[in-house]
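Q: Have a look at this one.
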Amino acid sequence: MAQLTDKRILWVGGKGGVGKTTVSSSLALLAAGRGKKVLLVSTDPAHSLSDAFAKQIGDHYTRLAPNLDALEIDPDEEVRQHLDRVSQQLKSFTRPEMFAEIERQMRLTRQSPGAQEAALLERIAKTLESGLGEYDLIIFDTAPTGHTLRLLSLPEAMAAWTQGMLSANQKSEKLGAMLSHLTPRRGRDVDNPFDDPAEHATAGMEPRNKAIAETLLARQRLLQRTRELIKDPQQTGLLFVLTAEKLPILETRRAVASLQAEQLPLAGLVINRLLPPEADGSFLAKRRQQEAVHLEEIDANFSRLPRFRLPLKETDIQGLSGLEQMATELAKAGL
């Protein structure tokens, strides 16, 4: 029987504070214990992985356990490096009198909505390209729900984003001419920003403009491969973590609807921090009654998705030993 850890890519998301990092870390240890070579990647600016494992990780591959490495991507740093690369590329293709305008556009882009997600997506795409050749499974511990949804639905928008960077530099006649080649043609490919214009985009161009086109086309192809991976249910699964409480249920319902609309492969829900049967007292008895109502609501709203239940623990889960205990709970829950 196929297990969730047999996938190549797993995304763990959910509302802030529901235990995403604990679940993703424990899941990574579970997969590693099953003989998979695993890379655990944090895309959350809070970077709780270091706290969960009680070990400094940062933006470099760090060994956490046998068969398990981790990486914390800094979204703000990705924006800076991404825009620096773009700025240098544009400057290498344009006249010196355009440099000031390029720098102005980069400053504006740094503050624009979606800039962080765009830079982060490109880093994720490159991590997948290199990581899938070395690791059996890559698990992403993501930021809270809204950020994750924007990130996972971004590959199509990124094609338009790269083209929009050219349109912001229309003072250059050559860059303006390039834009007409990179804009989707009327009728045939308006709805498909990934239609590969390689056969016509670079024909008859000056070397400078051809270099710009090739740079943007290479980026679009990378994102297209990422989109195909993310949407492939044989390779990818999205796991949402929630607790049996009203607000996490509402947020998960909206998230699931959005992901299904994007045709992204949902692998199931982890219902975290459920009161164990041995917890006693009148206060906990009342909480358990309310929890039962919410569990019925979860079963009714998400009946088509696999649901995995995890108990609330007496103490905080931290460090390798605590996460290994939680990995055992994940296995008991059926993951």
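Naming scheme: A, B, ... for chains in displayed order of the structure tokens; residues 1 onward per chain; ligands 1 onward as shown.
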I need the residues in stretch 65-116 of chain A that are alpha helix (DSSP H) according to DSSP; give them as an NGL selection string.
A: :A and (75-93 or 99-110 or 115-116)
Q: Taking the DSSP assignment computed from this structure's backbone, write out as a list in words all residues of stretch 96-145 of chain A that belong to strand (DSSP E).
A: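 Of stretch 96-145 of chain A, the ones in strand (DSSP E) are Leu137, Ile138, Ile139, Phe140 and Asp141 of chain A.
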Q: Quick one: residues within 6 Å of stretch 261-266 of chain A, only C-alpha atoms counted, chain neighbours fewer than 4 positions away excluded, as a JSON list (two decimals) with all heavy atoms, in the first residue's frame?
A:
```
[["chain", "number", "residue", "atom", "x", "y", "z"],
["A", 231, "LYS", "N", 1.53, 20.08, -9.69],
["A", 231, "LYS", "CA", 0.20, 19.61, -10.05],
["A", 231, "LYS", "C", 0.11, 18.11, -10.28],
["A", 231, "LYS", "O", -0.97, 17.59, -10.52],
["A", 231, "LYS", "CB", -0.31, 20.36, -11.29],
["A", 231, "LYS", "CG", -0.68, 21.81, -11.02],
["A", 231, "LYS", "CD", -1.49, 22.40, -12.15],
["A", 231, "LYS", "CE", -2.08, 23.74, -11.75],
["A", 231, "LYS", "NZ", -2.97, 24.29, -12.80],
["A", 233, "PRO", "N", -0.25, 14.58, -9.09],
["A", 233, "PRO", "CA", -0.62, 13.88, -7.85],
["A", 233, "PRO", "C", 0.22, 12.64, -7.58],
["A", 233, "PRO", "O", 0.24, 12.14, -6.45],
["A", 233, "PRO", "CB", -2.09, 13.51, -8.08],
["A", 233, "PRO", "CG", -2.25, 13.48, -9.57],
["A", 233, "PRO", "CD", -1.30, 14.50, -10.11],
["A", 237, "GLY", "N", 2.08, 16.03, -2.94],
["A", 237, "GLY", "CA", 0.91, 16.03, -2.07],
["A", 237, "GLY", "C", 0.93, 17.26, -1.18],
["A", 237, "GLY", "O", 1.99, 17.70, -0.71],
["A", 238, "LEU", "N", -0.26, 17.85, -0.96],
["A", 238, "LEU", "CA", -0.41, 18.98, -0.06],
["A", 238, "LEU", "C", -1.14, 18.51, 1.19],
["A", 238, "LEU", "O", -2.25, 17.97, 1.10],
["A", 238, "LEU", "CB", -1.19, 20.11, -0.72],
["A", 238, "LEU", "CG", -0.44, 21.02, -1.69],
["A", 238, "LEU", "CD1", -0.10, 20.29, -2.98],
["A", 238, "LEU", "CD2", -1.27, 22.26, -2.01]]
```
Q: Would you list the contacts of stretch 296-307 of chain A as a list in words, taking every protein, DNA or RNA residue within 10 Å and counting only C-alpha atoms, but skipping same-chain residues closer than 6 positions in sequence?
A: Leu239, Phe240, Val241, Leu242, Thr243, Ala244, Glu245, Lys246, Ile249, Leu250, Thr252, Arg253, Val256, Leu266, Ala267, Gly268, Leu269, Val270, Ile271, Ala333, Gly334 and Leu335 of chain A
Q: Can you build me a table of stretch 214-323 of chain A residues sitting at most 10 Å from stretch 48-64 of chain A, with the closest atom pair per residue and its distance in Å to one decimal, using only C-alpha atoms, sorted by chain and residue number, as a Markdown table?
A:
```
| residue | atom | partner | partner_atom | distance |
| --- | --- | --- | --- | --- |
| A:Asp316 | CA | A:Ala52 | CA | 9.7 |
| A:Ile317 | CA | A:Ala52 | CA | 7.5 |
| A:Gln318 | CA | A:Ala52 | CA | 5.0 |
| A:Gly319 | CA | A:Phe53 | CA | 4.4 |
| A:Leu320 | CA | A:Phe53 | CA | 5.7 |
| A:Ser321 | CA | A:Phe53 | CA | 9.1 |
| A:Gly322 | CA | A:Phe53 | CA | 9.0 |
| A:Leu323 | CA | A:Phe53 | CA | 7.8 |
```
Q: Keeping only N, CA and C atoms, write the selected residues as a short mmCIF file (atom, residue, chain, number, x, y, z; two decimals), in the first residue's frame.
A:
```
data_model
loop_
_atom_site.label_atom_id
_atom_site.label_comp_id
_atom_site.auth_asym_id
_atom_site.auth_seq_id
_atom_site.Cartn_x
_atom_site.Cartn_y
_atom_site.Cartn_z
N ASP A 316 5.58 20.57 25.55
CA ASP A 316 5.96 21.03 24.22
C ASP A 316 6.82 19.98 23.52
N ILE A 317 6.65 19.91 22.20
CA ILE A 317 7.43 18.96 21.41
C ILE A 317 8.63 19.71 20.84
N GLN A 318 9.81 19.36 21.31
CA GLN A 318 11.01 20.06 20.87
C GLN A 318 12.20 19.11 20.93
N GLY A 319 13.12 19.33 20.02
CA GLY A 319 14.31 18.50 19.98
C GLY A 319 14.06 17.19 19.25
N LEU A 320 15.14 16.52 18.92
CA LEU A 320 15.06 15.32 18.11
C LEU A 320 14.23 14.23 18.77
N SER A 321 14.40 14.03 20.07
CA SER A 321 13.67 12.94 20.74
C SER A 321 12.17 13.20 20.74
N GLY A 322 11.76 14.45 21.01
CA GLY A 322 10.34 14.78 21.00
C GLY A 322 9.73 14.63 19.62
N LEU A 323 10.46 15.03 18.60
CA LEU A 323 9.96 14.91 17.22
C LEU A 323 9.90 13.45 16.78
#
```
Q: Write out as a Markdown table the residues of stretch 20-51 of chain A that have any atom within 8 Å of an atom of stretch 128-135 of chain A, one row each with the nearest atom pair and its distance in Å to one decimal, counting only C-alpha atoms, sorted by chain and then rising number.
A:
```
| residue | atom | partner | partner_atom | distance |
| --- | --- | --- | --- | --- |
| A:Lys36 | CA | A:Tyr135 | CA | 7.8 |
| A:Lys37 | CA | A:Tyr135 | CA | 5.1 |
| A:Val38 | CA | A:Tyr135 | CA | 5.6 |
| A:Leu39 | CA | A:Tyr135 | CA | 6.5 |
```
Q: Limited to N, CA, C and O atoms, could you put the picked residues into a file as a CSV table (one decimal), in the first residue's frame?
A:
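See again09.csv below for the written result:
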```csv
chain,number,residue,atom,x,y,z
A,36,LYS,N,14.0,6.7,3.4
A,36,LYS,CA,14.0,7.8,2.4
A,36,LYS,C,15.1,8.8,2.7
A,36,LYS,O,15.3,9.2,3.9
A,37,LYS,N,15.8,9.3,1.7
A,37,LYS,CA,16.7,10.4,1.8
A,37,LYS,C,15.9,11.7,1.7
A,37,LYS,O,15.3,12.0,0.6
A,38,VAL,N,15.8,12.5,2.8
A,38,VAL,CA,14.8,13.6,2.9
A,38,VAL,C,15.5,15.0,3.0
A,38,VAL,O,16.5,15.1,3.7
A,39,LEU,N,14.9,16.0,2.3
A,39,LEU,CA,15.3,17.4,2.5
A,39,LEU,C,14.1,18.1,3.0
A,39,LEU,O,13.0,18.1,2.4
```
Q: Would you list the contacts of A:Asn272 as a count of residues only, taking every protein, DNA or RNA residue within 12 Å and counting only C-alpha atoms, but skipping same-chain residues closer than 5 positions in sequence?
A: 30
Q: Excluding same-chain residues fewer than 6 positions from stretch 116-126 of chain A, what lies within 6 Å of it counting only C-alpha atoms, as a list in words?
A: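 The residues satisfying every condition are Pro75, Glu78, Val79, His82, Leu151 and Thr226 of chain A.
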Q: Please produce a file of those selected residues containing all heavy atoms, as a JSON list (two decimals), in the first residue's frame.
A:
```json
[["chain", "number", "residue", "atom", "x", "y", "z"],
["A", 75, "PRO", "N", 12.91, 34.58, 2.87],
["A", 75, "PRO", "CA", 12.21, 35.25, 1.76],
["A", 75, "PRO", "C", 12.71, 36.66, 1.48],
["A", 75, "PRO", "O", 12.83, 37.05, 0.31],
["A", 75, "PRO", "CB", 10.75, 35.26, 2.23],
["A", 75, "PRO", "CG", 10.64, 34.13, 3.19],
["A", 75, "PRO", "CD", 11.96, 34.10, 3.90],
["A", 78, "GLU", "N", 15.89, 36.44, -0.35],
["A", 78, "GLU", "CA", 15.64, 35.99, -1.71],
["A", 78, "GLU", "C", 15.20, 37.14, -2.60],
["A", 78, "GLU", "O", 15.60, 37.23, -3.76],
["A", 78, "GLU", "CB", 14.57, 34.89, -1.72],
["A", 78, "GLU", "CG", 15.06, 33.56, -1.22],
["A", 78, "GLU", "CD", 16.29, 33.06, -1.97],
["A", 78, "GLU", "OE1", 16.28, 33.07, -3.22],
["A", 78, "GLU", "OE2", 17.25, 32.67, -1.30],
["A", 79, "VAL", "N", 14.36, 38.03, -2.08],
["A", 79, "VAL", "CA", 13.94, 39.21, -2.85],
["A", 79, "VAL", "C", 15.14, 40.05, -3.21],
["A", 79, "VAL", "O", 15.31, 40.46, -4.37],
["A", 79, "VAL", "CB", 12.91, 40.05, -2.06],
["A", 79, "VAL", "CG1", 12.64, 41.37, -2.77],
["A", 79, "VAL", "CG2", 11.61, 39.29, -1.88],
["A", 82, "HIS", "N", 17.34, 38.18, -5.73],
["A", 82, "HIS", "CA", 16.63, 38.03, -7.00],
["A", 82, "HIS", "C", 16.66, 39.35, -7.79],
["A", 82, "HIS", "O", 16.98, 39.37, -8.98],
["A", 82, "HIS", "CB", 15.18, 37.61, -6.72],
["A", 82, "HIS", "CG", 14.32, 37.52, -7.93],
["A", 82, "HIS", "ND1", 14.32, 36.43, -8.78],
["A", 82, "HIS", "CD2", 13.43, 38.39, -8.47],
["A", 82, "HIS", "CE1", 13.47, 36.63, -9.76],
["A", 82, "HIS", "NE2", 12.91, 37.81, -9.59],
["A", 151, "LEU", "N", 1.66, 31.46, -3.11],
["A", 151, "LEU", "CA", 2.88, 30.84, -3.64],
["A", 151, "LEU", "C", 2.56, 29.71, -4.61],
["A", 151, "LEU", "O", 3.12, 29.62, -5.70],
["A", 151, "LEU", "CB", 3.73, 30.33, -2.48],
["A", 151, "LEU", "CG", 5.09, 29.74, -2.84],
["A", 151, "LEU", "CD1", 5.99, 30.82, -3.41],
["A", 151, "LEU", "CD2", 5.74, 29.13, -1.59],
["A", 226, "THR", "N", 8.21, 23.45, -12.71],
["A", 226, "THR", "CA", 7.77, 23.47, -11.32],
["A", 226, "THR", "C", 6.26, 23.32, -11.23],
["A", 226, "THR", "O", 5.75, 22.56, -10.40],
["A", 226, "THR", "CB", 8.20, 24.78, -10.64],
["A", 226, "THR", "OG1", 9.62, 24.91, -10.72],
["A", 226, "THR", "CG2", 7.77, 24.82, -9.19]]
```
